[in-house]
>>> print(open('my_file.csv').read())   # CSV, C-alpha atoms and all ligand atoms
chain,number,residue,atom,x,y,z
A,1,MET,CA,82.7,103.8,100.2
A,2,SER,CA,81.7,100.2,100.1
A,3,GLU,CA,83.0,96.9,98.7
A,4,THR,CA,80.7,94.6,96.8
A,5,SER,CA,81.0,91.3,98.4
A,6,GLY,CA,82.5,88.1,97.1
A,7,ASN,CA,82.8,86.8,93.5
A,8,ALA,CA,79.7,84.6,93.6
A,9,ILE,CA,79.5,83.9,89.9
A,10,PRO,CA,76.7,81.4,89.0
A,11,ALA,CA,78.2,78.3,87.4
A,12,TYR,CA,75.7,78.5,84.4
A,13,LEU,CA,77.4,81.6,83.1
A,14,PRO,CA,79.9,81.1,80.3
A,15,LEU,CA,82.7,83.0,81.9
A,16,ARG,CA,85.9,82.5,80.0
A,17,ASN,CA,87.7,79.4,81.3
A,18,ASP,CA,90.8,81.4,82.2
A,19,LEU,CA,88.8,83.8,84.2
A,20,ILE,CA,87.1,81.3,86.4
A,21,GLY,CA,88.2,81.8,90.0
A,22,GLU,CA,89.6,85.3,89.3
A,23,GLU,CA,88.8,88.2,91.5
A,24,PRO,CA,88.3,91.8,90.4
A,25,TYR,CA,91.5,93.8,90.9
A,26,GLY,CA,91.7,96.6,93.4
A,27,ALA,CA,93.0,97.7,96.8
A,28,PRO,CA,90.3,97.7,99.5
A,29,GLN,CA,88.2,100.9,99.5
A,30,LEU,CA,87.6,101.1,103.2
A,31,ASP,CA,86.0,104.0,105.0
A,32,VAL,CA,88.9,104.9,107.4
A,33,PRO,CA,90.2,108.3,108.5
A,34,VAL,CA,93.7,108.0,107.0
A,35,CYS,CA,93.9,106.4,103.5
A,36,LEU,CA,97.5,106.0,102.4
A,37,ASN,CA,97.0,102.9,100.2
A,38,VAL,CA,96.5,103.9,96.6
A,39,ASN,CA,99.1,106.6,95.9
A,40,GLU,CA,96.7,109.5,95.5
A,41,ASN,CA,97.5,113.1,96.0
A,42,PRO,CA,95.9,113.8,99.4
A,43,TYR,CA,95.2,117.5,98.6
A,44,ALA,CA,91.7,118.3,97.3
A,45,PRO,CA,91.3,120.8,94.4
A,46,GLU,CA,91.3,124.5,95.4
A,47,PRO,CA,87.9,126.3,95.3
A,48,ALA,CA,89.0,128.2,92.1
A,49,VAL,CA,89.7,124.9,90.3
A,50,ILE,CA,86.3,123.5,91.4
A,51,GLU,CA,84.6,126.6,90.1
A,52,THR,CA,86.3,126.3,86.7
A,53,ILE,CA,85.5,122.6,86.4
A,54,ALA,CA,81.8,123.3,87.2
A,55,GLN,CA,81.8,126.2,84.7
A,56,ARG,CA,83.4,124.3,81.9
A,57,VAL,CA,81.2,121.2,82.4
A,58,LYS,CA,78.1,123.5,82.4
A,59,GLU,CA,79.3,125.1,79.1
A,60,ILE,CA,79.4,121.8,77.3
A,61,ALA,CA,76.2,120.3,78.9
A,62,PRO,CA,73.9,121.7,76.2
A,63,THR,CA,75.9,119.6,73.6
A,64,LEU,CA,75.6,116.3,75.6
A,65,ASN,CA,73.1,115.0,73.0
A,66,ARG,CA,76.1,114.8,70.6
A,67,TYR,CA,79.1,112.5,70.8
A,68,PRO,CA,82.3,114.1,72.0
A,69,ASP,CA,85.4,114.9,69.9
A,70,ARG,CA,86.6,111.4,69.3
A,71,GLU,CA,90.1,112.6,68.7
A,72,HIS,CA,90.0,115.0,71.8
A,73,ILE,CA,92.2,117.5,70.0
A,74,ALA,CA,91.9,120.3,72.5
A,75,LEU,CA,92.9,117.9,75.3
A,76,ARG,CA,95.8,116.6,73.4
A,77,GLN,CA,97.0,120.2,72.8
A,78,ALA,CA,96.7,120.7,76.6
A,79,PHE,CA,98.8,117.6,77.2
A,80,ARG,CA,101.4,119.1,74.9
A,81,ASP,CA,101.4,122.4,76.7
A,82,TYR,CA,101.7,120.7,80.0
A,83,LEU,CA,104.5,118.4,79.1
A,84,LYS,CA,106.4,121.3,77.6
A,85,LYS,CA,106.1,123.1,80.8
A,86,GLU,CA,106.7,120.1,83.1
A,87,SER,CA,109.5,118.3,81.3
A,88,GLY,CA,110.7,120.8,78.7
A,89,VAL,CA,109.8,118.4,75.9
A,90,ASP,CA,107.8,119.7,72.9
A,91,LEU,CA,105.8,117.0,71.2
A,92,ALA,CA,103.3,117.3,68.4
A,93,VAL,CA,99.6,116.8,69.0
A,94,ASP,CA,99.7,113.6,66.9
A,95,GLN,CA,102.3,112.2,69.3
A,96,LEU,CA,99.9,112.5,72.2
A,97,TRP,CA,96.8,110.5,73.1
A,98,GLY,CA,94.4,110.4,76.1
A,99,ALA,CA,92.2,107.8,77.7
A,100,ASN,CA,90.3,107.0,80.9
A,101,GLY,CA,93.3,106.8,83.2
A,102,SER,CA,96.7,105.4,82.3
A,103,ASN,CA,95.1,102.0,83.1
A,104,GLU,CA,93.2,102.4,79.8
A,105,ILE,CA,96.3,103.7,78.0
A,106,MET,CA,98.1,100.5,79.1
A,107,LEU,CA,95.2,98.3,78.1
A,108,GLN,CA,95.1,99.9,74.7
A,109,LEU,CA,98.8,99.3,74.2
A,110,PHE,CA,98.3,95.7,75.1
A,111,GLN,CA,95.4,95.5,72.7
A,112,ALA,CA,97.4,97.0,69.9
A,113,PHE,CA,100.8,95.2,70.5
A,114,GLY,CA,100.0,92.1,72.6
A,115,GLY,CA,97.5,89.3,71.8
A,116,PRO,CA,97.7,85.6,71.1
A,117,GLY,CA,101.2,84.4,70.4
A,118,ARG,CA,102.7,87.6,71.7
A,119,ILE,CA,104.7,88.2,74.8
A,120,ALA,CA,105.1,91.2,77.1
A,121,LEU,CA,108.0,91.5,79.5
A,122,GLY,CA,108.0,93.3,82.8
A,123,CYS,CA,110.6,93.6,85.6
A,124,ASP,CA,109.4,92.4,88.9
A,125,PRO,CA,108.5,93.5,91.5
A,126,THR,CA,106.3,95.9,89.6
A,127,TYR,CA,102.8,97.2,89.2
A,128,SER,CA,100.3,94.3,89.7
A,129,MET,CA,97.9,95.4,87.0
A,130,TYR,CA,100.3,94.5,84.2
A,131,PRO,CA,99.6,90.8,84.3
A,132,GLU,CA,95.9,91.6,84.2
A,133,TYR,CA,96.2,93.6,81.0
A,134,ALA,CA,98.2,90.7,79.6
A,135,ARG,CA,95.5,88.2,80.7
A,136,ASP,CA,92.7,90.2,79.3
A,137,THR,CA,94.4,90.5,75.9
A,138,PHE,CA,95.6,86.9,75.8
A,139,THR,CA,99.2,88.1,75.9
A,140,GLN,CA,101.8,86.0,77.7
A,141,TRP,CA,103.3,87.9,80.7
A,142,ARG,CA,107.0,87.2,81.5
A,143,LEU,CA,109.3,88.7,84.1
A,144,ALA,CA,113.0,89.7,84.4
A,145,HIS,CA,114.0,90.1,88.0
A,146,ARG,CA,115.3,93.3,89.4
A,147,ASN,CA,118.3,93.7,91.6
A,148,ALA,CA,118.0,93.3,95.4
A,149,ASP,CA,117.8,97.0,95.8
A,150,PHE,CA,114.9,97.0,93.2
A,151,SER,CA,116.9,98.9,90.6
A,152,LEU,CA,116.6,97.5,87.1
A,153,ASN,CA,118.9,94.6,86.5
A,154,VAL,CA,119.7,95.7,83.0
A,155,GLU,CA,121.8,92.6,82.1
A,156,ASN,CA,118.9,90.3,83.1
A,157,THR,CA,116.5,92.4,81.2
A,158,ILE,CA,118.5,92.5,78.0
A,159,GLU,CA,119.0,88.7,78.3
A,160,ALA,CA,115.3,88.2,78.7
A,161,ILE,CA,114.5,90.5,75.8
A,162,ARG,CA,116.8,88.5,73.5
A,163,ASP,CA,115.5,85.2,74.9
A,164,VAL,CA,111.7,85.8,74.8
A,165,LYS,CA,111.5,88.3,71.9
A,166,PRO,CA,108.6,90.2,73.5
A,167,ALA,CA,106.3,92.5,71.5
A,168,MET,CA,106.2,94.8,74.6
A,169,ILE,CA,108.8,95.6,77.3
A,170,VAL,CA,107.1,97.4,80.2
A,171,LEU,CA,109.3,99.5,82.4
A,172,THR,CA,108.0,101.6,85.2
A,173,SER,CA,109.7,104.8,86.3
A,174,PRO,CA,109.4,105.4,89.2
A,175,ASN,CA,108.5,101.8,89.7
A,176,ASN,CA,105.4,100.8,91.8
A,177,PRO,CA,105.5,99.4,94.5
A,178,THR,CA,109.2,100.2,95.1
A,179,GLY,CA,109.5,103.8,94.0
A,180,THR,CA,112.7,103.1,92.2
A,181,PRO,CA,113.7,105.4,89.3
A,182,LEU,CA,114.9,104.1,86.0
A,183,ALA,CA,118.4,105.4,84.9
A,184,MET,CA,118.4,106.9,81.5
A,185,ASP,CA,121.5,104.9,80.5
A,186,ASP,CA,119.6,101.7,81.4
A,187,LEU,CA,116.6,102.8,79.3
A,188,ARG,CA,118.9,103.6,76.4
A,189,ARG,CA,120.4,100.1,76.6
A,190,VAL,CA,117.0,98.5,76.6
A,191,LEU,CA,115.9,100.6,73.6
A,192,GLU,CA,119.0,99.8,71.7
A,193,THR,CA,118.5,96.1,72.4
A,194,ALA,CA,114.9,96.3,71.3
A,195,LYS,CA,116.1,97.6,67.9
A,196,THR,CA,118.0,94.4,67.4
A,197,VAL,CA,115.4,91.9,68.5
A,198,GLU,CA,112.6,90.5,66.2
A,199,VAL,CA,109.2,90.0,67.9
A,200,ALA,CA,108.0,86.4,68.4
A,201,GLY,CA,104.7,85.9,66.6
A,202,ALA,CA,105.2,88.9,64.2
A,203,ALA,CA,106.5,89.4,60.7
A,204,GLU,CA,110.2,89.8,60.0
A,205,GLY,CA,111.7,93.3,60.8
A,206,VAL,CA,109.2,93.9,63.6
A,207,HIS,CA,110.8,95.1,66.9
A,208,PRO,CA,109.5,95.4,70.5
A,209,VAL,CA,107.8,98.5,71.8
A,210,VAL,CA,109.3,99.8,75.0
A,211,VAL,CA,106.7,101.2,77.3
A,212,VAL,CA,107.8,103.4,80.1
A,213,ASP,CA,105.0,103.9,82.7
A,214,GLU,CA,105.7,107.3,84.2
A,215,ALA,CA,102.6,107.5,86.4
A,216,TYR,CA,104.6,109.0,89.3
A,217,VAL,CA,107.3,110.9,87.4
A,218,GLU,CA,106.4,114.4,88.6
A,219,PHE,CA,107.6,113.4,92.0
A,220,ARG,CA,111.1,112.8,90.8
A,221,ASP,CA,113.9,115.0,92.1
A,222,PRO,CA,114.0,118.3,90.1
A,223,GLY,CA,116.4,118.1,87.1
A,224,THR,CA,116.0,114.4,86.6
A,225,PRO,CA,115.4,113.6,82.9
A,226,THR,CA,112.3,111.7,81.7
A,227,ALA,CA,111.8,109.1,79.0
A,228,LEU,CA,109.9,111.8,77.0
A,229,GLU,CA,113.3,113.2,75.9
A,230,LEU,CA,114.0,110.0,73.9
A,231,ILE,CA,110.7,109.9,72.0
A,232,ASP,CA,111.9,111.7,68.9
A,233,GLU,CA,115.0,109.4,68.8
A,234,TYR,CA,113.2,106.1,69.2
A,235,GLY,CA,110.0,105.3,67.2
A,236,ASN,CA,109.4,102.2,69.4
A,237,LEU,CA,109.2,104.1,72.7
A,238,ALA,CA,105.8,104.8,74.4
A,239,VAL,CA,105.6,106.8,77.6
A,240,SER,CA,102.5,106.6,79.7
A,241,ARG,CA,101.5,109.4,82.0
A,242,THR,CA,98.5,110.2,84.2
A,243,MET,CA,96.7,113.1,85.8
A,244,SER,CA,95.8,110.8,88.8
A,245,LYS,CA,98.9,111.2,90.9
A,246,ALA,CA,100.9,114.5,91.2
A,247,PHE,CA,98.2,116.3,89.2
A,248,ALA,CA,95.6,115.4,91.9
A,249,PHE,CA,92.9,114.4,89.5
A,250,ALA,CA,92.4,110.6,90.1
A,251,GLY,CA,88.6,110.8,90.3
A,252,ALA,CA,88.4,112.3,86.8
A,253,ARG,CA,90.2,109.3,85.2
A,254,VAL,CA,92.5,110.9,82.7
A,255,GLY,CA,95.8,109.3,81.5
A,256,TYR,CA,97.8,109.9,78.4
A,257,LEU,CA,100.4,108.5,76.1
A,258,ALA,CA,103.3,110.2,74.5
A,259,ALA,CA,105.0,108.4,71.6
A,260,SER,CA,105.7,108.4,67.9
A,261,LYS,CA,102.8,109.1,65.6
A,262,GLY,CA,103.1,105.5,64.5
A,263,ILE,CA,102.4,104.2,68.0
A,264,ILE,CA,99.5,106.6,68.5
A,265,ASP,CA,98.0,105.4,65.2
A,266,CYS,CA,98.2,101.8,66.3
A,267,VAL,CA,96.4,102.6,69.6
A,268,ARG,CA,93.7,104.6,67.7
A,269,ILE,CA,92.8,101.3,65.9
A,270,VAL,CA,91.8,99.6,69.2
A,271,ARG,CA,90.2,102.5,71.1
A,272,MET,CA,86.5,102.4,71.6
A,273,PRO,CA,84.7,105.1,69.6
A,274,TYR,CA,84.2,108.2,71.8
A,275,HIS,CA,86.1,106.6,74.7
A,276,LEU,CA,86.7,109.9,76.4
A,277,SER,CA,83.4,111.5,77.4
A,278,ALA,CA,82.7,115.2,76.8
A,279,VAL,CA,82.5,115.7,80.6
A,280,THR,CA,85.9,114.1,81.1
A,281,GLN,CA,87.4,116.2,78.4
A,282,ALA,CA,85.9,119.4,79.7
A,283,ALA,CA,86.9,118.7,83.3
A,284,ALA,CA,90.5,117.8,82.3
A,285,LEU,CA,90.8,121.0,80.2
A,286,ALA,CA,89.5,123.0,83.2
A,287,ALA,CA,92.1,121.4,85.5
A,288,PHE,CA,94.8,122.3,83.0
A,289,GLU,CA,93.7,125.9,83.3
A,290,HIS,CA,95.0,125.6,86.9
A,291,THR,CA,98.1,123.5,86.4
A,292,ASP,CA,100.1,125.5,89.0
A,293,GLU,CA,97.4,125.1,91.7
A,294,GLN,CA,97.0,121.4,90.9
A,295,LEU,CA,100.7,120.8,91.2
A,296,SER,CA,101.3,123.2,94.1
A,297,ARG,CA,101.7,120.4,96.7
A,298,VAL,CA,104.2,118.2,94.8
A,299,ALA,CA,107.3,119.8,96.3
A,300,HIS,CA,105.8,119.4,99.8
A,301,LEU,CA,104.9,115.8,99.2
A,302,ARG,CA,108.5,115.2,98.0
A,303,GLU,CA,109.8,116.7,101.2
A,304,THR,CA,107.3,114.6,103.2
A,305,ARG,CA,108.6,111.5,101.4
A,306,ASN,CA,112.2,112.3,102.2
A,307,ALA,CA,111.5,113.1,105.8
A,308,THR,CA,109.3,110.0,106.2
A,309,ALA,CA,112.0,107.7,104.8
A,310,VAL,CA,114.5,109.1,107.3
A,311,TRP,CA,112.0,108.6,110.1
A,312,LEU,CA,111.2,105.1,109.0
A,313,ARG,CA,114.9,104.1,109.0
A,314,GLU,CA,115.1,105.3,112.6
A,315,GLN,CA,112.4,102.9,113.7
A,316,THR,CA,113.2,99.3,114.6
A,317,TYR,CA,111.5,96.0,114.4
A,318,LYS,CA,112.8,93.0,116.3
A,319,GLY,CA,116.0,94.8,117.0
A,320,ARG,CA,116.8,95.9,113.4
A,321,PRO,CA,116.2,99.2,111.8
A,322,LEU,CA,113.4,99.3,109.2
A,323,GLU,CA,114.6,99.5,105.6
A,324,THR,CA,113.2,101.8,102.9
A,325,ALA,CA,113.5,101.3,99.2
A,326,GLU,CA,115.0,104.2,97.3
A,327,THR,CA,112.0,106.2,96.1
A,328,GLN,CA,111.4,109.0,93.6
A,329,SER,CA,107.7,108.7,94.0
A,330,ASN,CA,104.9,109.8,96.5
A,331,PHE,CA,105.1,106.5,98.4
A,332,ILE,CA,107.7,104.4,100.2
A,333,LEU,CA,108.1,100.6,100.4
A,334,PHE,CA,109.4,99.9,103.8
A,335,GLY,CA,110.1,97.2,106.3
A,336,GLY,CA,112.2,94.6,104.6
A,337,HIS,CA,112.1,92.1,107.5
A,338,PHE,CA,108.5,92.1,108.6
A,339,ASP,CA,107.9,88.4,109.4
A,340,ASP,CA,104.1,89.0,109.4
A,341,ARG,CA,103.3,92.1,107.4
A,342,GLU,CA,99.5,91.4,107.5
A,343,ARG,CA,99.7,92.0,111.3
A,344,ILE,CA,101.4,95.3,110.8
A,345,PHE,CA,98.7,96.2,108.3
A,346,ASP,CA,95.9,95.1,110.7
A,347,GLU,CA,97.3,97.0,113.7
A,348,LEU,CA,97.6,100.2,111.6
A,349,LEU,CA,94.0,99.7,110.3
A,350,LYS,CA,92.7,99.3,113.9
A,351,ARG,CA,94.2,102.8,114.4
A,352,GLY,CA,92.4,104.2,111.4
A,353,VAL,CA,95.4,104.1,109.0
A,354,LEU,CA,95.1,102.2,105.7
A,355,ILE,CA,98.3,101.2,104.0
A,356,ARG,CA,99.0,98.5,101.3
A,357,VAL,CA,100.4,95.0,101.7
A,358,VAL,CA,102.1,94.7,98.3
A,359,GLY,CA,105.5,93.9,96.9
A,360,PRO,CA,107.9,91.3,98.1
A,361,ASP,CA,107.3,89.5,101.3
A,362,GLY,CA,108.5,91.4,104.4
A,363,TRP,CA,107.6,94.8,102.9
A,364,VAL,CA,104.6,97.1,103.0
A,365,ARG,CA,103.9,100.4,101.1
A,366,VAL,CA,102.7,103.7,102.4
A,367,CYS,CA,101.8,106.7,100.3
A,368,MET,CA,102.3,110.3,101.4
A,369,GLY,CA,99.3,112.0,103.0
A,370,THR,CA,98.8,115.5,104.5
A,371,ASP,CA,101.0,116.5,107.5
A,372,GLU,CA,98.2,115.5,109.9
A,373,GLU,CA,97.7,112.1,108.2
A,374,MET,CA,101.5,111.5,108.3
A,375,ALA,CA,101.5,112.3,112.0
A,376,ARG,CA,98.7,109.8,112.6
A,377,PHE,CA,100.6,107.2,110.5
A,378,ARG,CA,103.8,107.7,112.5
A,379,GLU,CA,102.0,107.4,115.8
A,380,ALA,CA,100.0,104.3,114.7
A,381,LEU,CA,103.2,102.6,113.3
A,382,VAL,CA,105.1,103.1,116.5
A,383,GLU,CA,102.3,101.3,118.4
A,384,ALA,CA,101.8,98.7,115.7
A,385,LEU,CA,105.5,97.8,115.7
A,386,ARG,CA,105.5,97.5,119.5
A,387,ILE,CA,102.4,95.3,119.7
A,388,VAL,CA,103.4,93.0,116.8
A,389,GLU,CA,106.9,92.6,118.3
A,390,GLN,CA,105.5,91.6,121.7
A,391,ASP,CA,103.4,88.7,120.2
B,1,LIG,C1,102.5,102.3,87.9
B,1,LIG,C2,101.1,102.7,87.7
B,1,LIG,N1,100.7,102.9,86.5
B,1,LIG,C3,99.4,103.2,86.2
B,1,LIG,C4,98.5,103.4,87.2
B,1,LIG,C5,97.1,103.7,86.8
B,1,LIG,O1,96.7,105.0,87.2
B,1,LIG,P1,95.5,105.7,86.5
B,1,LIG,O2,94.7,104.7,85.7
B,1,LIG,O3,94.7,106.3,87.6
B,1,LIG,O4,96.1,106.7,85.6
B,1,LIG,C6,98.9,103.2,88.5
B,1,LIG,C7,97.9,103.4,89.6
B,1,LIG,O5,98.2,103.2,90.8
B,1,LIG,C8,100.2,102.9,88.8
B,1,LIG,O6,100.7,102.7,90.0
>>> encode(input="my_file.csv", output="structure tokens", more="lines below")
Ligand SMILES: Cc1ncc(COP(=O)(O)O)c(C=O)c1O
Amino acid sequence: MSETSGNAIPAYLPLRNDLIGEEPYGAPQLDVPVCLNVNENPYAPEPAVIETIAQRVKEIAPTLNRYPDREHIALRQAFRDYLKKESGVDLAVDQLWGANGSNEIMLQLFQAFGGPGRIALGCDPTYSMYPEYARDTFTQWRLAHRNADFSLNVENTIEAIRDVKPAMIVLTSPNNPTGTPLAMDDLRRVLETAKTVEVAGAAEGVHPVVVVDEAYVEFRDPGTPTALELIDEYGNLAVSRTMSKAFAFAGARVGYLAASKGIIDCVRIVRMPYHLSAVTQAAALAAFEHTDEQLSRVAHLRETRNATAVWLREQTYKGRPLETAETQSNFILFGGHFDDRERIFDELLKRGVLIRVVGPDGWVRVCMGTDEEMARFREALVEALRIVEQD
């Protein structure tokens, strides 16, 4: 893996004024033994899955002179079957939509509902790509602050919705980088508020879309409800999901959206023609033939997360135990009082462990790896804490 260096953009190029000085987004892709920085599933596909993917891609290869199914109907049917199995919610094919990662789903939502004169509201700290989608679609990005424990401050959020009249309210559950789940009661209150608010910059009678980004939702504790359950009740609710995390398919770039048919039809207006390649569709369908294998490590990753959180809270830095944010995801935000978190990051990196400096000052984020990787992480962190403390 390599990083292309620096953003040396020649001054004679007519880069948009608001993009001058901007850097491409992304966590460092470094070639280190233990990568715990981008919330992937650390377990590679099983040989049987690899075999099916190769076979299904081979089967469609003779048709690659033709454009793929623009509406990706077979894949939408597979999303339907999967969600029925995973969450017990049965949606129609026209309530589902796929794209190249949930990054593209989110961008399409911003393209459809954001834009000049429109506002999108998030609840910080949250996923750092949202302001980029807003920037790229000329949407104003506003924030309502979360509680100190990173749970949604529903009063603040409702006040902000009434105040800024956003076209989109972006909630993340579990949230990144904190891992915090969103309580269904809080989501309902936001949805009810959205019904009563008229969107700034839109015609009369237009209400905000509430987007729930459920990229990590399969890691929630079993039995916890998901926003999918409210789709049939709220026409303005959009739920974004991905195959990148629990489903262990990040490299294939497949995300999807579950929402009312109306929302899906809005997104279809802004999508690129043939945005999902035939190879991507075939690979995703092949992976869905092996849903159980692909998800087989989720329960173990959940246990790893719970055990790691307990272990982290037993460690101390400068005489105080480390804190961990409540998490229902495959990562943990920890620390809370690191006075120089970059040093913690550097000392871990020196020991071959890559984590992420993200979120509020004083905290860092680690995602769950294999048992061996977590053992190396624990060993490296103990040393890093000791060394940084001594300085
Ligand atoms: C909260 C959240 N949403 C969406 C994504 C995008 O994931 P993908 O485009 O791989 O589906 C990420 C990736 O880290 C994320 O953390």
>>> residues_near_ligand(input="my_file.csv", ligand="ligand LIG 1 (chain B)", cutoff="6 Å", atoms="only C-alpha atoms and all ligand atoms", output="PDB file with C-alpha atoms, keeping the file's coordinate frame")
ATOM      1  CA  GLY A 101      93.300 106.800  83.200  1.00  0.00           C
ATOM      2  CA  SER A 102      96.700 105.400  82.300  1.00  0.00           C
ATOM      3  CA  ASN A 103      95.100 102.000  83.100  1.00  0.00           C
ATOM      4  CA  TYR A 127     102.800  97.200  89.200  1.00  0.00           C
ATOM      5  CA  ASN A 176     105.400 100.800  91.800  1.00  0.00           C
ATOM      6  CA  ASP A 213     105.000 103.900  82.700  1.00  0.00           C
ATOM      7  CA  ALA A 215     102.600 107.500  86.400  1.00  0.00           C
ATOM      8  CA  THR A 242      98.500 110.200  84.200  1.00  0.00           C
ATOM      9  CA  SER A 244      95.800 110.800  88.800  1.00  0.00           C
ATOM     10  CA  ALA A 250      92.400 110.600  90.100  1.00  0.00           C
ATOM     11  CA  ARG A 253      90.200 109.300  85.200  1.00  0.00           C
ATOM     12  CA  GLY A 255      95.800 109.300  81.500  1.00  0.00           C
TER      13      GLY A 255
END
>>> closest_residue(input="my_file.csv", among="A:Val270, A:Leu312, A:Leu109, A:Ala258", to="Tyr82 (chain A)", atoms="all atoms listed in the file")
A:Ala258
>>> residues_around(input="my_file.csv", residues="region 178-182 of chain A", least_positions_apart="4", cutoff="9 Å", atoms="only C-alpha atoms", output="VMD selection string")
chain A and resid 125 to 126 149 to 152 171 to 174 186 to 187 216 to 217 220 324 to 334 359 365
>>> closest_residue(input="my_file.csv", among="A:Glu389, A:Glu214, A:Glu233, A:Glu22", to="Arg343 (chain A)", atoms="all atoms listed in the file")
A:Glu389
>>> closest_atom_pairs(input="my_file.csv", of="region 229-276 of chain A", to="region 37-57 of chain A", cutoff="12 Å", atoms="all atoms listed in the file", output="tab-separated table")
residue	atom	partner	partner_atom	distance
A:Thr242	CA	A:Glu40	CA	11.5
A:Met243	CA	A:Asn41	CA	10.2
A:Ser244	CA	A:Glu40	CA	6.9
A:Lys245	CA	A:Glu40	CA	5.4
A:Ala246	CA	A:Asn41	CA	6.0
A:Phe247	CA	A:Asn41	CA	7.5
A:Ala248	CA	A:Asn41	CA	5.1
A:Phe249	CA	A:Asn41	CA	8.1
A:Ala250	CA	A:Glu40	CA	7.0
A:Gly251	CA	A:Glu40	CA	9.7
A:Ala252	CA	A:Ile53	CA	10.7
>>> atom_distance(input="my_file.csv", atom1="CA of Arg302 (chain A)", atom2="CA of Cys35 (chain A)")
17.9 Å
>>> residues_near_point(input="my_file.csv", point="(98.1, 111.2, 73.7)", cutoff="8 Å", atoms="all atoms listed in the file", output="tab-separated table (two decimals) with C-alpha atoms, in the frame of the given file")
chain	number	residue	atom	x	y	z
A	76	ARG	CA	95.80	116.60	73.40
A	79	PHE	CA	98.80	117.60	77.20
A	93	VAL	CA	99.60	116.80	69.00
A	94	ASP	CA	99.70	113.60	66.90
A	95	GLN	CA	102.30	112.20	69.30
A	96	LEU	CA	99.90	112.50	72.20
A	97	TRP	CA	96.80	110.50	73.10
A	98	GLY	CA	94.40	110.40	76.10
A	99	ALA	CA	92.20	107.80	77.70
A	256	TYR	CA	97.80	109.90	78.40
A	257	LEU	CA	100.40	108.50	76.10
A	258	ALA	CA	103.30	110.20	74.50
A	259	ALA	CA	105.00	108.40	71.60
A	264	ILE	CA	99.50	106.60	68.50
